[in-house]
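> my_file_34.txt (compact mmCIF, C-alpha atoms) pasted underneath:
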```txt
# COMPACT_ATOMS: atom_id res chain seq x y z
CA MET C 1 -21.76 -20.21 25.45
CA PRO C 2 -23.29 -19.66 22.02
CA LEU C 3 -20.93 -18.43 19.36
CA ALA C 4 -22.87 -15.25 18.65
CA SER C 5 -22.82 -13.99 22.23
CA LYS C 6 -19.03 -14.24 22.47
CA ARG C 7 -18.54 -11.56 19.89
CA ARG C 8 -19.28 -7.97 20.43
CA LYS C 9 -21.55 -6.52 17.81
CA LYS C 10 -19.80 -3.95 15.68
CA THR C 11 -22.40 -1.55 14.44
CA GLY C 12 -19.88 0.75 12.74
CA ARG C 13 -21.88 3.71 14.04
CA LYS C 14 -19.93 6.91 14.45
CA SER C 15 -20.17 8.93 17.63
CA PRO C 16 -22.29 12.07 17.23
CA THR C 17 -19.23 14.23 17.67
CA GLU C 18 -17.30 12.57 14.90
CA LYS C 19 -20.33 12.52 12.62
CA ALA C 20 -21.06 16.19 13.26
CA LEU C 21 -17.46 17.15 12.73
CA LEU C 22 -17.18 15.27 9.46
CA GLY C 23 -20.38 16.87 8.20
CA TYR C 24 -19.08 20.26 9.26
CA MET C 25 -15.79 19.73 7.43
CA LYS C 26 -17.42 18.40 4.29
CA GLN C 27 -19.77 21.38 4.03
CA HIS C 28 -16.85 23.77 4.25
CA LEU C 29 -14.76 21.94 1.72
CA LEU C 30 -17.72 21.82 -0.66
CA ASN C 31 -18.81 25.44 -0.34
CA ASP C 32 -16.33 27.72 1.36
CA PHE C 33 -13.59 27.77 -1.22
CA PRO C 34 -15.15 28.93 -4.48
CA ASN C 35 -12.67 29.16 -7.32
CA SER C 36 -14.82 30.01 -10.30
CA THR C 37 -11.86 30.92 -12.48
CA ARG C 38 -10.15 27.65 -11.48
CA ILE C 39 -6.87 29.35 -10.62
CA GLY C 40 -4.09 26.84 -9.98
CA CYS C 41 -6.30 23.79 -10.46
CA PRO C 42 -4.42 20.58 -11.30
CA PRO C 43 -5.45 18.45 -14.31
CA LEU C 44 -8.00 15.68 -13.79
CA GLU C 45 -5.26 13.06 -14.26
CA ALA C 46 -3.43 14.39 -11.20
CA LEU C 47 -6.57 14.07 -9.09
CA GLU C 48 -7.12 10.56 -10.41
CA ARG C 49 -3.54 9.60 -9.55
CA ASN C 50 -4.02 10.82 -5.97
CA ALA C 51 -7.33 8.99 -5.68
CA LYS C 52 -5.79 5.74 -6.94
CA ASP C 53 -2.54 5.90 -4.98
CA PRO C 54 -2.93 7.88 -1.72
CA ILE C 55 0.37 6.59 -0.31
CA HIS C 56 2.30 8.35 -3.09
CA ALA C 57 -0.13 11.23 -3.39
CA ASP C 58 1.21 14.49 -4.78
CA GLU C 59 1.30 16.88 -1.82
CA SER C 60 0.62 20.02 -3.85
CA VAL C 61 -2.46 18.43 -5.46
CA SER C 62 -3.67 17.12 -2.10
CA LYS C 63 -3.27 20.58 -0.53
CA HIS C 64 -4.96 22.27 -3.45
CA VAL C 65 -8.02 20.06 -3.04
CA ALA C 66 -8.31 21.35 0.52
CA HIS C 67 -8.51 24.94 -0.73
CA CYS C 68 -10.63 24.61 -3.84
CA SER C 69 -14.27 23.56 -3.67
CA PRO C 70 -14.63 22.71 -7.40
CA CYS C 71 -11.58 20.42 -7.22
CA TYR C 72 -12.83 18.92 -3.95
CA ARG C 73 -16.15 18.05 -5.64
CA VAL C 74 -14.32 16.27 -8.47
CA TYR C 75 -12.02 14.49 -6.03
CA SER C 76 -14.93 13.51 -3.82
CA ARG C 77 -16.70 11.97 -6.83
CA LEU C 78 -13.54 10.03 -7.78
CA LEU C 79 -13.23 8.68 -4.23
CA ARG C 80 -16.89 7.67 -4.14
CA GLU C 81 -16.48 5.79 -7.43
CA ASP C 82 -13.44 3.92 -6.04
CA LEU C 83 -15.30 3.21 -2.82
CA ALA C 84 -18.28 1.83 -4.70
CA ARG C 85 -15.94 -0.43 -6.70
CA ILE C 86 -14.28 -1.71 -3.52
CA ARG C 87 -17.64 -2.34 -1.87
CA GLN C 88 -18.86 -4.28 -4.89
CA GLN C 89 -15.82 -6.53 -4.75
CA ALA C 90 -15.68 -6.88 -0.97
CA PRO C 91 -18.82 -8.76 0.16
CA ALA C 92 -18.12 -12.15 -1.41
CA HIS C 93 -14.49 -12.18 -0.26
CA ASP C 94 -15.21 -11.00 3.29
CA SER C 95 -18.12 -13.35 3.84
CA ASN C 96 -15.90 -16.27 2.80
CA LEU C 97 -13.28 -15.18 5.31
CA GLY C 98 -15.90 -14.98 8.05
CA THR C 99 -17.14 -18.45 7.24
CA HIS C 100 -13.60 -19.88 7.35
CA LYS C 101 -13.05 -18.30 10.77
CA LYS C 102 -16.35 -19.65 12.06
CA ILE C 103 -15.52 -23.13 10.80
CA LYS C 104 -12.09 -23.00 12.47
CA LYS C 105 -13.66 -21.90 15.77
CA VAL C 106 -16.25 -24.62 15.67
CA MET C 107 -13.62 -27.26 14.78
CA LYS C 108 -11.59 -26.26 17.86
CA MET M 1 8.41 -32.33 37.91
CA ASP M 2 7.07 -33.90 34.80
CA PRO M 3 9.52 -33.03 32.00
CA ARG M 4 6.64 -32.73 29.56
CA ARG M 5 5.13 -29.97 31.67
CA GLU M 6 8.32 -27.92 31.82
CA ALA M 7 7.55 -24.24 31.36
CA LYS M 8 8.30 -22.96 27.91
CA PRO M 9 9.88 -19.53 27.57
CA SER M 10 7.30 -16.97 26.48
CA PRO M 11 7.61 -15.94 22.83
CA ARG M 12 9.68 -12.83 22.27
CA PHE M 13 7.60 -9.72 21.75
CA LEU M 14 8.20 -8.38 18.26
CA LEU M 15 8.22 -4.63 18.16
CA SER M 16 8.84 -2.58 15.06
CA SER M 17 11.99 -0.46 14.93
CA VAL M 18 9.89 2.39 13.57
CA ASP M 19 6.74 3.70 15.25
CA LEU M 20 3.50 4.48 13.43
CA LEU M 21 4.53 8.10 13.02
CA GLY M 22 7.65 6.98 11.14
CA ARG M 23 10.10 7.80 13.96
CA GLU M 24 12.97 5.39 14.45
CA ILE M 25 13.55 3.59 17.73
CA ASP M 26 17.16 3.49 18.92
CA PRO M 27 18.52 -0.12 19.02
CA ALA M 28 19.41 0.22 22.72
CA VAL M 29 15.90 1.43 23.54
CA LEU M 30 14.41 -1.25 21.32
CA SER M 31 16.18 -4.04 23.19
CA VAL M 32 14.96 -2.66 26.55
CA ALA M 33 11.49 -2.23 25.05
CA GLN M 34 11.52 -5.87 23.92
CA GLU M 35 12.35 -6.92 27.48
CA ILE M 36 9.56 -5.03 29.19
CA ALA M 37 7.02 -5.23 26.35
CA PRO M 38 5.05 -8.31 27.50
CA ARG M 39 4.22 -6.85 30.91
CA ALA M 40 4.01 -3.21 29.84
CA VAL M 41 1.75 -3.88 26.86
CA SER M 42 -0.56 -6.18 28.80
CA HIS M 43 -0.86 -3.42 31.44
CA GLY M 44 -1.56 -0.90 28.67
CA GLU M 45 -4.12 -3.22 27.16
CA LYS M 46 -5.98 -3.35 30.48
CA LEU M 47 -6.10 0.45 30.62
CA LEU M 48 -6.94 1.04 26.98
CA GLY M 49 -8.94 -2.05 26.14
CA ASP M 50 -7.28 -2.34 22.74
CA PRO M 51 -4.13 -4.50 22.27
CA ALA M 52 -3.23 -2.93 18.91
CA LEU M 53 -3.44 0.58 20.34
CA ALA M 54 -1.44 -0.53 23.39
CA ILE M 55 1.42 -1.75 21.15
CA SER M 56 1.28 1.33 18.93
CA LEU M 57 1.52 3.63 21.94
CA PHE M 58 4.35 1.54 23.38
CA GLU M 59 6.28 1.95 20.12
CA GLU M 60 5.51 5.67 20.18
CA ALA M 61 6.84 5.93 23.73
CA ALA M 62 10.01 4.05 22.72
CA ALA M 63 10.52 6.41 19.77
CA THR M 64 10.04 9.42 22.06
CA VAL M 65 12.58 8.02 24.55
CA SER M 66 15.03 7.45 21.66
CA LYS M 67 14.60 11.08 20.64
CA THR M 68 15.13 12.23 24.25
CA ILE M 69 18.34 10.19 24.52
CA LYS M 70 19.69 11.79 21.35
CA GLU M 71 18.79 15.26 22.61
CA LYS M 72 20.40 14.60 25.98
CA ALA M 73 23.57 13.36 24.31
CA ALA M 74 23.68 16.40 22.05
CA SER M 75 23.27 18.87 24.91
CA ASP M 76 25.62 17.06 27.34
CA LYS M 77 22.82 16.48 29.84
CA PRO M 78 23.10 13.52 32.25
CA ARG M 79 22.18 10.15 30.78
CA ILE M 80 19.09 8.17 31.70
CA ARG M 81 20.06 5.85 34.57
CA ASP M 82 17.15 3.45 34.59
CA MET M 83 16.09 2.97 31.00
CA ARG M 84 13.41 0.38 31.84
CA GLY M 85 11.73 2.64 34.40
CA TYR M 86 12.06 5.69 32.16
CA LEU M 87 10.49 3.92 29.19
CA PHE M 88 7.68 2.51 31.30
CA ARG M 89 6.88 5.93 32.77
CA ALA M 90 6.94 7.47 29.28
CA TYR M 91 4.51 4.76 28.18
CA LEU M 92 2.18 5.40 31.13
CA ARG M 93 2.21 9.13 30.38
CA ARG M 94 1.38 8.43 26.72
CA ILE M 95 -1.51 6.20 27.80
CA THR M 96 -2.82 8.92 30.12
CA VAL M 97 -2.71 11.48 27.29
CA GLU M 98 -4.56 9.07 24.98
CA ARG M 99 -7.23 8.30 27.58
CA LYS M 100 -7.76 11.95 28.47
CA ALA M 101 -8.03 12.87 24.81
CA SER M 102 -10.60 10.17 24.09
CA LEU M 103 -12.62 11.16 27.16
CA ALA M 104 -12.52 14.82 26.16
CA LEU M 105 -13.62 13.94 22.66
CA ASP M 106 -16.50 11.89 24.02
CA ASP M 107 -17.51 14.75 26.32
CA VAL M 108 -18.07 17.16 23.45
CA THR M 109 -21.68 16.87 22.44
CA GLU M 110 -23.43 17.59 19.19
CA GLU M 111 -24.70 20.80 20.80
CA ASP M 112 -21.14 22.02 21.32
CA TRP M 113 -20.41 21.71 17.63
CA GLN M 114 -23.70 23.33 16.69
CA LYS M 115 -23.10 26.09 19.23
CA HIS M 116 -19.74 26.71 17.65
CA ALA M 117 -21.28 26.64 14.19
CA ARG M 118 -23.87 29.24 15.28
CA GLN M 119 -21.18 31.42 16.80
CA THR M 120 -19.14 31.40 13.63
CA ASP M 121 -22.06 31.69 11.24
CA ASP M 122 -21.29 35.38 10.93
CA SER M 123 -17.72 34.73 10.08
CA ASP M 124 -17.08 32.48 7.11
CA ILE M 125 -13.45 33.41 7.18
CA GLU M 126 -13.05 31.96 10.64
CA ARG M 127 -14.55 28.64 9.57
CA GLN M 128 -12.29 28.53 6.55
CA ILE M 129 -9.29 29.18 8.76
CA LEU M 130 -10.18 26.27 11.04
CA VAL M 131 -10.44 23.76 8.23
CA LYS M 132 -7.41 25.25 6.49
CA GLU M 133 -5.36 25.01 9.68
CA LEU M 134 -6.15 21.36 10.07
CA LEU M 135 -5.64 20.38 6.45
CA GLU M 136 -2.46 22.40 6.07
CA THR M 137 -0.77 21.21 9.21
CA CYS M 138 -1.35 17.50 8.67
CA ASP M 139 0.80 15.39 6.37
CA THR M 140 -0.34 14.23 2.94
CA LEU M 141 -1.34 10.71 4.01
CA THR M 142 -3.41 11.98 6.96
CA ARG M 143 -5.11 14.45 4.64
CA GLU M 144 -5.90 11.66 2.18
CA ILE M 145 -7.30 9.57 5.05
CA LEU M 146 -9.50 12.52 6.05
CA TYR M 147 -10.81 12.88 2.49
CA ARG M 148 -11.75 9.21 2.51
CA LYS M 149 -13.38 9.43 5.95
CA LEU M 150 -15.47 12.31 4.62
CA GLU M 151 -16.78 9.94 1.94
CA GLY M 152 -17.79 7.45 4.62
CA CYS M 153 -14.91 4.97 4.29
CA THR M 154 -14.48 2.52 7.14
CA GLY M 155 -11.08 1.66 8.63
CA LYS M 156 -10.86 -1.52 6.54
CA GLU M 157 -11.70 0.32 3.35
CA ILE M 158 -9.01 2.89 4.12
CA GLU M 159 -6.61 0.00 4.66
CA LYS M 160 -7.45 -1.25 1.16
CA PHE M 161 -7.15 2.24 -0.34
CA CYS M 162 -4.02 3.41 1.41
CA GLY M 163 -2.27 0.16 2.28
CA ILE M 164 -1.75 1.15 5.93
CA PRO M 165 -3.11 -0.83 8.90
CA VAL M 166 -6.57 0.05 10.24
CA ASN M 167 -5.07 1.01 13.58
CA ALA M 168 -2.54 3.38 12.03
CA ALA M 169 -5.23 5.03 9.92
CA ASN M 170 -7.50 5.44 12.95
CA LEU M 171 -4.65 6.87 15.01
CA ARG M 172 -3.90 9.48 12.37
CA PHE M 173 -7.58 10.30 12.01
CA SER M 174 -8.23 10.65 15.74
CA LYS M 175 -5.18 12.89 16.12
CA ALA M 176 -6.44 15.15 13.35
CA LEU M 177 -9.88 15.26 14.99
CA ARG M 178 -8.34 16.18 18.30
CA ARG M 179 -6.39 19.02 16.74
CA LEU M 180 -9.52 20.41 15.14
CA GLN M 181 -11.41 20.00 18.39
CA GLY M 182 -8.71 21.99 20.18
CA ALA M 183 -8.95 24.74 17.57
CA VAL M 184 -12.75 24.84 17.84
CA ARG M 185 -12.56 25.08 21.63
CA ALA M 186 -9.90 27.78 21.55
CA ARG M 187 -11.88 29.92 19.11
CA GLY M 188 -15.18 29.26 20.84
CA ARG M 189 -13.91 30.88 24.05
```
Could I get this file's structure written as structure tokens?

Amino acid sequence: MPLASKRRKKTGRKSPTEKALLGYMKQHLLNDFPNSTRIGCPPLEALERNAKDPIHADESVSKHVAHCSPCYRVYSRLLREDLARIRQQAPAHDSNLGTHKKIKKVMK
Amino acid sequence: MDPRREAKPSPRFLLSSVDLLGREIDPAVLSVAQEIAPRAVSHGEKLLGDPALAISLFEEAAATVSKTIKEKAASDKPRIRDMRGYLFRAYLRRITVERKASLALDDVTEEDWQKHARQTDDSDIERQILVKELLETCDTLTREILYRKLEGCTGKEIEKFCGIPVNAANLRFSKALRRLQGAVRARGR
């Protein structure tokens, strides 16, 4: 059997439900919590800390982001920047891993 | 019998003493779980089609049984006689819940969400409450996972960001989705 047909293709496509729900949530977080006077907003450093280290994220900051559209926009931008950085680093590393696995399979 | 072909004992199944939700598994339950794990998990794998999820749910079931034992001891209720059977039944029930939930989630179509969105267009407050409910009731890590999913992160990327396994992240995410789905359905009635 050829190697390619053994593996199931992972398209990474989300189901319509999940996609719709995520879009729905994002719209609300972006628009439904206006806080023009920025009452109770944490400093940018706090948002950056949460974006960098989600395991030890500050709960109050994390909750605030859920209730404040301006903070959510900032946080969303920080996450996108981190994501872009990870994606830039990832391809070379991952493709090497894939090649190693393929070689091992073929050698078996 | 050829001595070279003597059957080797199967490797011991290594289960974690803490489930993915952070609940501890009682040592007595853990030892029983280790005994039945090979057969139970392979059965679960057949039903779920995902070995990682099968193990996670088995650990969850063991943690739930541990909690039940503690509660029974505290309230002087009769002890569990057949721990193996009890744990296996708890595992089967957990699998059934997981399968029903995934089927229900698949059943909801795009139209359902749009229908709900149309219904609540008049009421911004209601929409805010739904999102608030979800984000307030989940723990910090789940919330952070949700924020990353909203930015289009894949499971592997979340693993890199948060340092938790893909399966654990997906489990937390799907539970949060299910809760929101339940809220949407309840309010849509």
> Which one of M:Glu144, M:Asp19, M:Glu151, M:Glu133 sits closest to Thr64 in chain M if you count all atoms listed in the file?
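Result for the nearest residue to Thr64 in chain M: M:Asp19.
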> Would you mind listing what lies within 12 Å of Glu59 in chain C as a list of chain:residue names, with all atoms listed in the file counted and same-chain residues fewer than 6 positions away left out?
C:Pro42, C:Ala46, C:Leu47, C:Arg49, C:Asn50, C:Val65, C:Ala66, M:Leu135, M:Glu136, M:Cys138, M:Asp139, M:Thr140, M:Leu141, M:Thr142, M:Arg143, M:Glu144
> Nearest residue to chain C out of M:Phe173, M:Phe161, M:Phe58, M:Tyr91, using only C-alpha atoms?
M:Phe161
> As a short mmCIF file (atom, residue, chain, number, x, y, z; two decimals) with C-alpha atoms, in the coordinates of the input, could you give me every residue of chain C near chain M (at most 8 Å apart, counting all atoms listed in the file)?

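Saved result, result34.cif, follows:
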```
data_model
loop_
_atom_site.label_atom_id
_atom_site.label_comp_id
_atom_site.auth_asym_id
_atom_site.auth_seq_id
_atom_site.Cartn_x
_atom_site.Cartn_y
_atom_site.Cartn_z
CA GLY C 12 -19.88 0.75 12.74
CA SER C 15 -20.17 8.93 17.63
CA PRO C 16 -22.29 12.07 17.23
CA THR C 17 -19.23 14.23 17.67
CA GLU C 18 -17.30 12.57 14.90
CA ALA C 20 -21.06 16.19 13.26
CA LEU C 21 -17.46 17.15 12.73
CA LEU C 22 -17.18 15.27 9.46
CA GLY C 23 -20.38 16.87 8.20
CA MET C 25 -15.79 19.73 7.43
CA LYS C 26 -17.42 18.40 4.29
CA HIS C 28 -16.85 23.77 4.25
CA ASP C 32 -16.33 27.72 1.36
CA PHE C 33 -13.59 27.77 -1.22
CA LYS C 52 -5.79 5.74 -6.94
CA ASP C 53 -2.54 5.90 -4.98
CA PRO C 54 -2.93 7.88 -1.72
CA ILE C 55 0.37 6.59 -0.31
CA ALA C 57 -0.13 11.23 -3.39
CA ASP C 58 1.21 14.49 -4.78
CA GLU C 59 1.30 16.88 -1.82
CA SER C 62 -3.67 17.12 -2.10
CA LYS C 63 -3.27 20.58 -0.53
CA ALA C 66 -8.31 21.35 0.52
CA HIS C 67 -8.51 24.94 -0.73
CA SER C 76 -14.93 13.51 -3.82
CA LEU C 79 -13.23 8.68 -4.23
CA ARG C 80 -16.89 7.67 -4.14
CA LEU C 83 -15.30 3.21 -2.82
CA ILE C 86 -14.28 -1.71 -3.52
#
```
> To one decimal in Å, tell me the separation between CA of Pro38 in chain M and CA of Lys72 in chain M.
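These two atoms are separated by 27.6 Å.
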